[in-house]
$ cat protein_21.cif   # mmCIF, C-alpha atoms
data_my_file
#
loop_
_atom_site.label_atom_id
_atom_site.label_comp_id
_atom_site.auth_asym_id
_atom_site.auth_seq_id
_atom_site.Cartn_x
_atom_site.Cartn_y
_atom_site.Cartn_z
CA MET A 1 -36.51 29.04 25.74
CA THR A 2 -38.15 27.73 22.62
CA LEU A 3 -36.02 26.66 19.68
CA ARG A 4 -37.51 27.27 16.33
CA PHE A 5 -36.92 24.92 13.44
CA PRO A 6 -34.31 27.09 11.64
CA SER A 7 -32.30 27.38 14.90
CA VAL A 8 -32.25 23.60 15.32
CA VAL A 9 -31.13 23.15 11.72
CA ARG A 10 -28.32 25.67 12.16
CA LEU A 11 -27.23 24.02 15.40
CA LEU A 12 -27.22 20.60 13.77
CA ALA A 13 -25.29 21.90 10.76
CA ALA A 14 -22.68 23.47 13.03
CA ALA A 15 -22.30 20.26 15.03
CA LEU A 16 -21.88 18.17 11.87
CA THR A 17 -19.30 20.61 10.51
CA LEU A 18 -17.26 20.43 13.71
CA PHE A 19 -17.47 16.64 13.67
CA ALA A 20 -16.30 16.51 10.06
CA LEU A 21 -13.35 18.83 10.80
CA ALA A 22 -12.32 16.71 13.79
CA LEU A 23 -12.06 13.55 11.68
CA PRO A 24 -10.56 14.59 8.33
CA ALA A 25 -8.48 11.44 7.81
CA ALA A 26 -11.34 9.12 8.66
CA ALA A 27 -13.52 10.84 6.12
CA GLN A 28 -11.13 9.79 3.37
CA GLY A 29 -11.89 6.14 4.03
CA ALA A 30 -9.44 3.27 4.26
CA TYR A 31 -8.68 1.19 1.17
CA GLU A 32 -6.37 -1.61 0.10
CA PRO A 33 -3.91 -0.66 -2.65
CA ALA A 34 -4.36 -3.04 -5.57
CA ARG A 35 -1.74 -5.65 -6.45
CA GLY A 36 0.83 -4.38 -8.90
CA THR A 37 0.35 -0.70 -8.03
CA PRO A 38 3.32 1.53 -7.18
CA GLU A 39 1.72 2.40 -3.84
CA ARG A 40 1.49 -1.26 -2.77
CA ALA A 41 5.07 -1.90 -3.93
CA ALA A 42 6.31 1.13 -1.97
CA LEU A 43 4.61 -0.15 1.20
CA MET A 44 6.09 -3.65 0.82
CA ASP A 45 9.52 -2.18 0.04
CA ALA A 46 9.35 -0.09 3.23
CA ILE A 47 8.63 -3.17 5.37
CA ARG A 48 10.87 -5.70 3.59
CA PRO A 49 14.28 -4.64 5.07
CA LEU A 50 12.86 -4.78 8.60
CA VAL A 51 11.80 -8.41 8.08
CA GLU A 52 14.75 -9.56 5.97
CA VAL A 53 17.29 -8.58 8.60
CA ARG A 54 15.32 -10.58 11.19
CA VAL A 55 14.83 -13.74 9.13
CA GLY A 56 18.27 -13.72 7.51
CA GLY A 57 17.45 -13.47 3.83
CA PRO A 58 15.12 -12.27 1.12
CA VAL A 59 11.38 -12.50 1.65
CA GLN A 60 8.13 -12.03 -0.17
CA PHE A 61 4.88 -11.35 1.64
CA VAL A 62 1.49 -12.94 1.77
CA VAL A 63 -0.74 -9.98 2.56
CA ASP A 64 -3.41 -10.65 5.14
CA ARG A 65 -4.39 -6.99 5.57
CA LEU A 66 -3.13 -3.79 3.99
CA GLN A 67 -5.08 -0.61 4.56
CA VAL A 68 -4.22 2.98 3.69
CA SER A 69 -6.00 6.14 4.78
CA GLY A 70 -4.46 9.51 4.08
CA ASP A 71 -0.80 9.37 5.09
CA TRP A 72 -1.23 6.31 7.33
CA ALA A 73 -1.04 2.61 6.50
CA PHE A 74 -1.33 -0.60 8.51
CA ALA A 75 -0.18 -4.00 7.28
CA ILE A 76 -0.48 -7.58 8.50
CA LEU A 77 1.88 -9.77 6.51
CA ASP A 78 3.17 -13.33 6.53
CA PRO A 79 6.76 -13.45 5.26
CA GLN A 80 7.97 -16.41 3.24
CA HIS A 81 11.00 -17.27 1.13
CA PRO A 82 10.74 -16.17 -2.51
CA GLY A 83 8.80 -18.86 -4.30
CA GLY A 84 6.60 -19.62 -1.30
CA ALA A 85 8.73 -21.81 0.99
CA GLN A 86 7.96 -21.36 4.68
CA ILE A 87 10.51 -19.72 6.97
CA ASP A 88 11.38 -21.62 10.14
CA PRO A 89 11.14 -19.05 12.97
CA ALA A 90 13.65 -21.03 15.05
CA LYS A 91 16.27 -20.42 12.34
CA THR A 92 15.87 -16.64 12.52
CA ILE A 93 17.15 -14.11 15.05
CA TYR A 94 14.27 -15.18 17.29
CA GLY A 95 15.83 -18.63 17.81
CA GLU A 96 14.53 -20.21 21.02
CA ASP A 97 12.08 -17.35 21.58
CA ALA A 98 10.17 -18.47 18.47
CA GLU A 99 8.18 -20.97 20.55
CA TYR A 100 6.56 -18.04 22.39
CA MET A 101 5.60 -16.22 19.20
CA ASP A 102 2.67 -16.53 16.85
CA GLY A 103 4.91 -17.36 13.91
CA LEU A 104 6.54 -14.59 11.92
CA ARG A 105 3.33 -12.71 11.16
CA THR A 106 4.41 -9.10 10.90
CA PHE A 107 2.32 -6.07 11.80
CA ALA A 108 3.50 -2.64 10.68
CA LEU A 109 2.16 0.88 11.13
CA LEU A 110 3.52 3.27 8.54
CA VAL A 111 3.26 6.97 7.84
CA ARG A 112 4.02 8.75 4.57
CA ALA A 113 6.54 11.54 5.14
CA ASN A 114 9.20 13.16 2.96
CA GLY A 115 7.79 11.43 -0.11
CA ARG A 116 8.10 7.86 1.19
CA TRP A 117 6.53 5.33 3.56
CA ASN A 118 8.21 5.04 6.97
CA ILE A 119 7.61 2.44 9.68
CA VAL A 120 6.62 4.06 12.97
CA ASP A 121 5.72 0.87 14.87
CA TYR A 122 5.85 -2.85 14.25
CA ALA A 123 5.56 -6.25 15.90
CA VAL A 124 6.65 -9.69 14.73
CA GLY A 125 4.73 -12.69 16.01
CA PRO A 126 2.63 -10.98 18.69
CA THR A 127 0.15 -13.16 20.51
CA ASP A 128 -2.32 -10.34 21.22
CA ALA A 129 -3.52 -6.99 19.88
CA PHE A 130 -0.32 -5.16 20.84
CA TRP A 131 -1.74 -1.81 19.72
CA ASP A 132 -4.61 -1.90 22.24
CA GLY A 133 -4.07 0.90 24.74
CA ASN A 134 -1.11 2.40 22.87
CA PRO A 135 -1.74 6.16 22.51
CA LEU A 136 -0.03 6.19 19.11
CA TYR A 137 -2.86 4.11 17.67
CA ARG A 138 -5.53 6.49 18.94
CA GLN A 139 -4.43 9.11 16.42
CA ILE A 140 -4.59 6.96 13.29
CA PRO A 141 -7.63 7.02 11.00
CA ARG A 142 -10.46 4.58 11.57
CA GLY A 143 -10.55 1.54 9.35
CA LEU A 144 -6.84 0.75 9.41
CA LEU A 145 -6.85 -1.72 12.28
CA PRO A 146 -8.65 -5.07 12.15
#
$ encode --input "protein_21.cif" --output "structure tokens"
Amino acid sequence: MTLRFPSVVRLLAAALTLFALALPAAAQGAYEPARGTPERAALMDAIRPLVEVRVGGPVQFVVDRLQVSGDWAFAILDPQHPGGAQIDPAKTIYGEDAEYMDGLRTFALLVRANGRWNIVDYAVGPTDAFWDGNPLYRQIPRGLLP
């Protein structure tokens, strides 16, 4: 069987179309919401209660990574007291377990649903890439994880 040039082009076009349909979220591209934007504030406000209840008081975040793609977001944050004072992990709910943690660095996977950001997975102070091998993270768009 001999393929003529137009047949090859049609085959390639069909393959590219299928590939594009299979990865719609990845095609949107991941981005970091700018400081001061409502989107960034909404993401921080979704994560803040989770952290505040664990550290025992109000926090502000130093953002290490914040990426959004479609209705998914992934954040890596370092909580601190308002004004910048460090939080002692041993004086939080983690107590004695704090020595086995990598500080209070907080990782959060969020999804936008019902008009707001919702945490679907998180880790505080993990010492490894906790998402590796987790099937949940195979369905998120590329570019969110470090």
$ atom_distance --input "protein_21.cif" --atom1 "atom CA of Gln67 of chain A" --atom2 "atom CA of Tyr94 of chain A"
27.4 Å
$ resolve_selection --input "protein_21.cif" --expression "the PyMOL selection byres ((chain A and resi 51) around 12)" --output "VMD selection string"
chain A and resid 44 to 50 52 to 61 77 to 81 87 89 92 to 94 104 to 108 119 122 to 125
$ resolve_selection --input "protein_21.cif" --expression "the PyMOL selection byres ((chain A and resi 71) around 9)" --output "list in words"
Ala25, Val68, Ser69, Gly70, Trp72, Ala73, Leu110, Val111, Arg112, Ala113 and Trp117 of chain A
$ atom_distance --input "protein_21.cif" --atom1 "atom CA of Glu99 of chain A" --atom2 "atom CA of Gly83 of chain A"
24.9 Å
$ atom_distance --input "protein_21.cif" --atom1 "atom CA of Asp121 of chain A" --atom2 "atom CA of Gly133 of chain A"
13.9 Å
$ residues_around --input "protein_21.cif" --residues "Leu66 of chain A" --least-positions-apart "3" --cutoff "6 Å" --atoms "only C-alpha atoms" --output "list in words"
Glu32, Phe74 and Ala75 of chain A
$ write_last_selection --input "protein_21.cif" --atoms "C-alpha atoms" --output "compact mmCIF listing (two decimals), keeping the file's coordinate frame"
# COMPACT_ATOMS: atom_id res chain seq x y z
CA GLU A 32 -6.37 -1.61 0.10
CA PHE A 74 -1.33 -0.60 8.51
CA ALA A 75 -0.18 -4.00 7.28
$ closest_residue --input "protein_21.cif" --among "A:Val62, A:Ala98, A:Ala90, A:Ala42" --to "Gly115 of chain A" --atoms "all atoms listed in the file"
A:Ala42
$ residues_around --input "protein_21.cif" --residues "Thr127 of chain A" --least-positions-apart "4" --cutoff "9 Å" --atoms "all atoms listed in the file" --output "ChimeraX atom specification"
/A:100-102
$ write_last_selection --input "protein_21.cif" --atoms "C-alpha atoms" --output "CSV table (one decimal), in the coordinates of the input"
chain,number,residue,atom,x,y,z
A,100,TYR,CA,6.6,-18.0,22.4
A,101,MET,CA,5.6,-16.2,19.2
A,102,ASP,CA,2.7,-16.5,16.8
$ decode --input "protein_21.cif" --residues "segment 63-75 of chain A" --atoms "all heavy atoms" --output "PDB file, in the first residue's frame"
ATOM      1  N   VAL A  63       4.606  32.967  48.993  1.00  0.00           N
ATOM      2  CA  VAL A  63       4.289  32.052  47.894  1.00  0.00           C
ATOM      3  C   VAL A  63       5.577  31.601  47.218  1.00  0.00           C
ATOM      4  O   VAL A  63       6.334  32.411  46.701  1.00  0.00           O
ATOM      5  CB  VAL A  63       3.359  32.738  46.871  1.00  0.00           C
ATOM      6  CG1 VAL A  63       3.107  31.827  45.677  1.00  0.00           C
ATOM      7  CG2 VAL A  63       2.047  33.140  47.537  1.00  0.00           C
ATOM      8  N   ASP A  64       5.800  30.294  47.242  1.00  0.00           N
ATOM      9  CA  ASP A  64       6.927  29.717  46.525  1.00  0.00           C
ATOM     10  C   ASP A  64       6.503  29.345  45.106  1.00  0.00           C
ATOM     11  O   ASP A  64       7.245  29.532  44.154  1.00  0.00           O
ATOM     12  CB  ASP A  64       7.455  28.485  47.258  1.00  0.00           C
ATOM     13  CG  ASP A  64       8.641  27.854  46.561  1.00  0.00           C
ATOM     14  OD1 ASP A  64       9.687  28.524  46.460  1.00  0.00           O
ATOM     15  OD2 ASP A  64       8.510  26.711  46.080  1.00  0.00           O
ATOM     16  N   ARG A  65       5.290  28.801  44.993  1.00  0.00           N
ATOM     17  CA  ARG A  65       4.753  28.403  43.683  1.00  0.00           C
ATOM     18  C   ARG A  65       3.238  28.495  43.744  1.00  0.00           C
ATOM     19  O   ARG A  65       2.629  28.026  44.699  1.00  0.00           O
ATOM     20  CB  ARG A  65       5.186  26.981  43.338  1.00  0.00           C
ATOM     21  CG  ARG A  65       4.688  26.503  41.981  1.00  0.00           C
ATOM     22  CD  ARG A  65       5.149  25.067  41.697  1.00  0.00           C
ATOM     23  NE  ARG A  65       4.743  24.626  40.393  1.00  0.00           N
ATOM     24  CZ  ARG A  65       5.409  24.834  39.272  1.00  0.00           C
ATOM     25  NH1 ARG A  65       6.538  25.482  39.297  1.00  0.00           N
ATOM     26  NH2 ARG A  65       4.956  24.380  38.118  1.00  0.00           N
ATOM     27  N   LEU A  66       2.653  29.080  42.717  1.00  0.00           N
ATOM     28  CA  LEU A  66       1.205  29.150  42.594  1.00  0.00           C
ATOM     29  C   LEU A  66       0.895  29.105  41.104  1.00  0.00           C
ATOM     30  O   LEU A  66       1.204  30.039  40.375  1.00  0.00           O
ATOM     31  CB  LEU A  66       0.657  30.435  43.225  1.00  0.00           C
ATOM     32  CG  LEU A  66      -0.857  30.615  43.166  1.00  0.00           C
ATOM     33  CD1 LEU A  66      -1.579  29.489  43.899  1.00  0.00           C
ATOM     34  CD2 LEU A  66      -1.251  31.966  43.740  1.00  0.00           C
ATOM     35  N   GLN A  67       0.315  28.002  40.678  1.00  0.00           N
ATOM     36  CA  GLN A  67       0.015  27.815  39.266  1.00  0.00           C
ATOM     37  C   GLN A  67      -1.451  27.440  39.096  1.00  0.00           C
ATOM     38  O   GLN A  67      -1.990  26.638  39.855  1.00  0.00           O
ATOM     39  CB  GLN A  67       0.891  26.708  38.668  1.00  0.00           C
ATOM     40  CG  GLN A  67       2.362  27.045  38.611  1.00  0.00           C
ATOM     41  CD  GLN A  67       2.641  28.132  37.594  1.00  0.00           C
ATOM     42  OE1 GLN A  67       2.366  27.980  36.419  1.00  0.00           O
ATOM     43  NE2 GLN A  67       3.185  29.245  38.068  1.00  0.00           N
ATOM     44  N   VAL A  68      -2.061  28.029  38.076  1.00  0.00           N
ATOM     45  CA  VAL A  68      -3.457  27.777  37.743  1.00  0.00           C
ATOM     46  C   VAL A  68      -3.521  27.350  36.287  1.00  0.00           C
ATOM     47  O   VAL A  68      -2.834  27.908  35.432  1.00  0.00           O
ATOM     48  CB  VAL A  68      -4.319  29.048  37.952  1.00  0.00           C
ATOM     49  CG1 VAL A  68      -5.751  28.820  37.480  1.00  0.00           C
ATOM     50  CG2 VAL A  68      -4.286  29.490  39.398  1.00  0.00           C
ATOM     51  N   SER A  69      -4.357  26.351  36.017  1.00  0.00           N
ATOM     52  CA  SER A  69      -4.632  25.937  34.647  1.00  0.00           C
ATOM     53  C   SER A  69      -6.070  25.447  34.598  1.00  0.00           C
ATOM     54  O   SER A  69      -6.419  24.464  35.257  1.00  0.00           O
ATOM     55  CB  SER A  69      -3.671  24.828  34.201  1.00  0.00           C
ATOM     56  OG  SER A  69      -3.935  24.471  32.854  1.00  0.00           O
ATOM     57  N   GLY A  70      -6.890  26.153  33.873  1.00  0.00           N
ATOM     58  CA  GLY A  70      -8.308  25.794  33.821  1.00  0.00           C
ATOM     59  C   GLY A  70      -8.913  25.910  35.206  1.00  0.00           C
ATOM     60  O   GLY A  70      -8.767  26.935  35.872  1.00  0.00           O
ATOM     61  N   ASP A  71      -9.555  24.849  35.655  1.00  0.00           N
ATOM     62  CA  ASP A  71     -10.191  24.847  36.978  1.00  0.00           C
ATOM     63  C   ASP A  71      -9.316  24.196  38.046  1.00  0.00           C
ATOM     64  O   ASP A  71      -9.808  23.840  39.120  1.00  0.00           O
ATOM     65  CB  ASP A  71     -11.544  24.126  36.906  1.00  0.00           C
ATOM     66  CG  ASP A  71     -12.589  24.952  36.177  1.00  0.00           C
ATOM     67  OD1 ASP A  71     -12.512  26.194  36.251  1.00  0.00           O
ATOM     68  OD2 ASP A  71     -13.479  24.361  35.539  1.00  0.00           O
ATOM     69  N   TRP A  72      -8.038  24.028  37.782  1.00  0.00           N
ATOM     70  CA  TRP A  72      -7.115  23.424  38.740  1.00  0.00           C
ATOM     71  C   TRP A  72      -6.064  24.433  39.175  1.00  0.00           C
ATOM     72  O   TRP A  72      -5.650  25.296  38.387  1.00  0.00           O
ATOM     73  CB  TRP A  72      -6.400  22.225  38.110  1.00  0.00           C
ATOM     74  CG  TRP A  72      -7.284  21.043  37.887  1.00  0.00           C
ATOM     75  CD1 TRP A  72      -7.943  20.727  36.730  1.00  0.00           C
ATOM     76  CD2 TRP A  72      -7.602  20.018  38.816  1.00  0.00           C
ATOM     77  NE1 TRP A  72      -8.648  19.568  36.896  1.00  0.00           N
ATOM     78  CE2 TRP A  72      -8.460  19.106  38.176  1.00  0.00           C
ATOM     79  CE3 TRP A  72      -7.247  19.788  40.145  1.00  0.00           C
ATOM     80  CZ2 TRP A  72      -8.966  17.975  38.802  1.00  0.00           C
ATOM     81  CZ3 TRP A  72      -7.752  18.655  40.773  1.00  0.00           C
ATOM     82  CH2 TRP A  72      -8.604  17.765  40.107  1.00  0.00           C
ATOM     83  N   ALA A  73      -5.605  24.300  40.406  1.00  0.00           N
ATOM     84  CA  ALA A  73      -4.517  25.139  40.921  1.00  0.00           C
ATOM     85  C   ALA A  73      -3.662  24.302  41.869  1.00  0.00           C
ATOM     86  O   ALA A  73      -4.164  23.370  42.521  1.00  0.00           O
ATOM     87  CB  ALA A  73      -5.060  26.359  41.644  1.00  0.00           C
ATOM     88  N   PHE A  74      -2.383  24.641  41.933  1.00  0.00           N
ATOM     89  CA  PHE A  74      -1.457  23.979  42.850  1.00  0.00           C
ATOM     90  C   PHE A  74      -0.601  25.054  43.494  1.00  0.00           C
ATOM     91  O   PHE A  74      -0.077  25.939  42.808  1.00  0.00           O
ATOM     92  CB  PHE A  74      -0.572  22.979  42.096  1.00  0.00           C
ATOM     93  CG  PHE A  74       0.286  22.147  43.014  1.00  0.00           C
ATOM     94  CD1 PHE A  74      -0.256  21.104  43.740  1.00  0.00           C
ATOM     95  CD2 PHE A  74       1.640  22.421  43.153  1.00  0.00           C
ATOM     96  CE1 PHE A  74       0.533  20.331  44.586  1.00  0.00           C
ATOM     97  CE2 PHE A  74       2.438  21.662  43.985  1.00  0.00           C
ATOM     98  CZ  PHE A  74       1.892  20.613  44.713  1.00  0.00           C
ATOM     99  N   ALA A  75      -0.493  24.989  44.816  1.00  0.00           N
ATOM    100  CA  ALA A  75       0.246  26.007  45.563  1.00  0.00           C
ATOM    101  C   ALA A  75       1.283  25.368  46.474  1.00  0.00           C
ATOM    102  O   ALA A  75       1.045  24.312  47.058  1.00  0.00           O
ATOM    103  CB  ALA A  75      -0.716  26.833  46.403  1.00  0.00           C
TER     104      ALA A  75
END
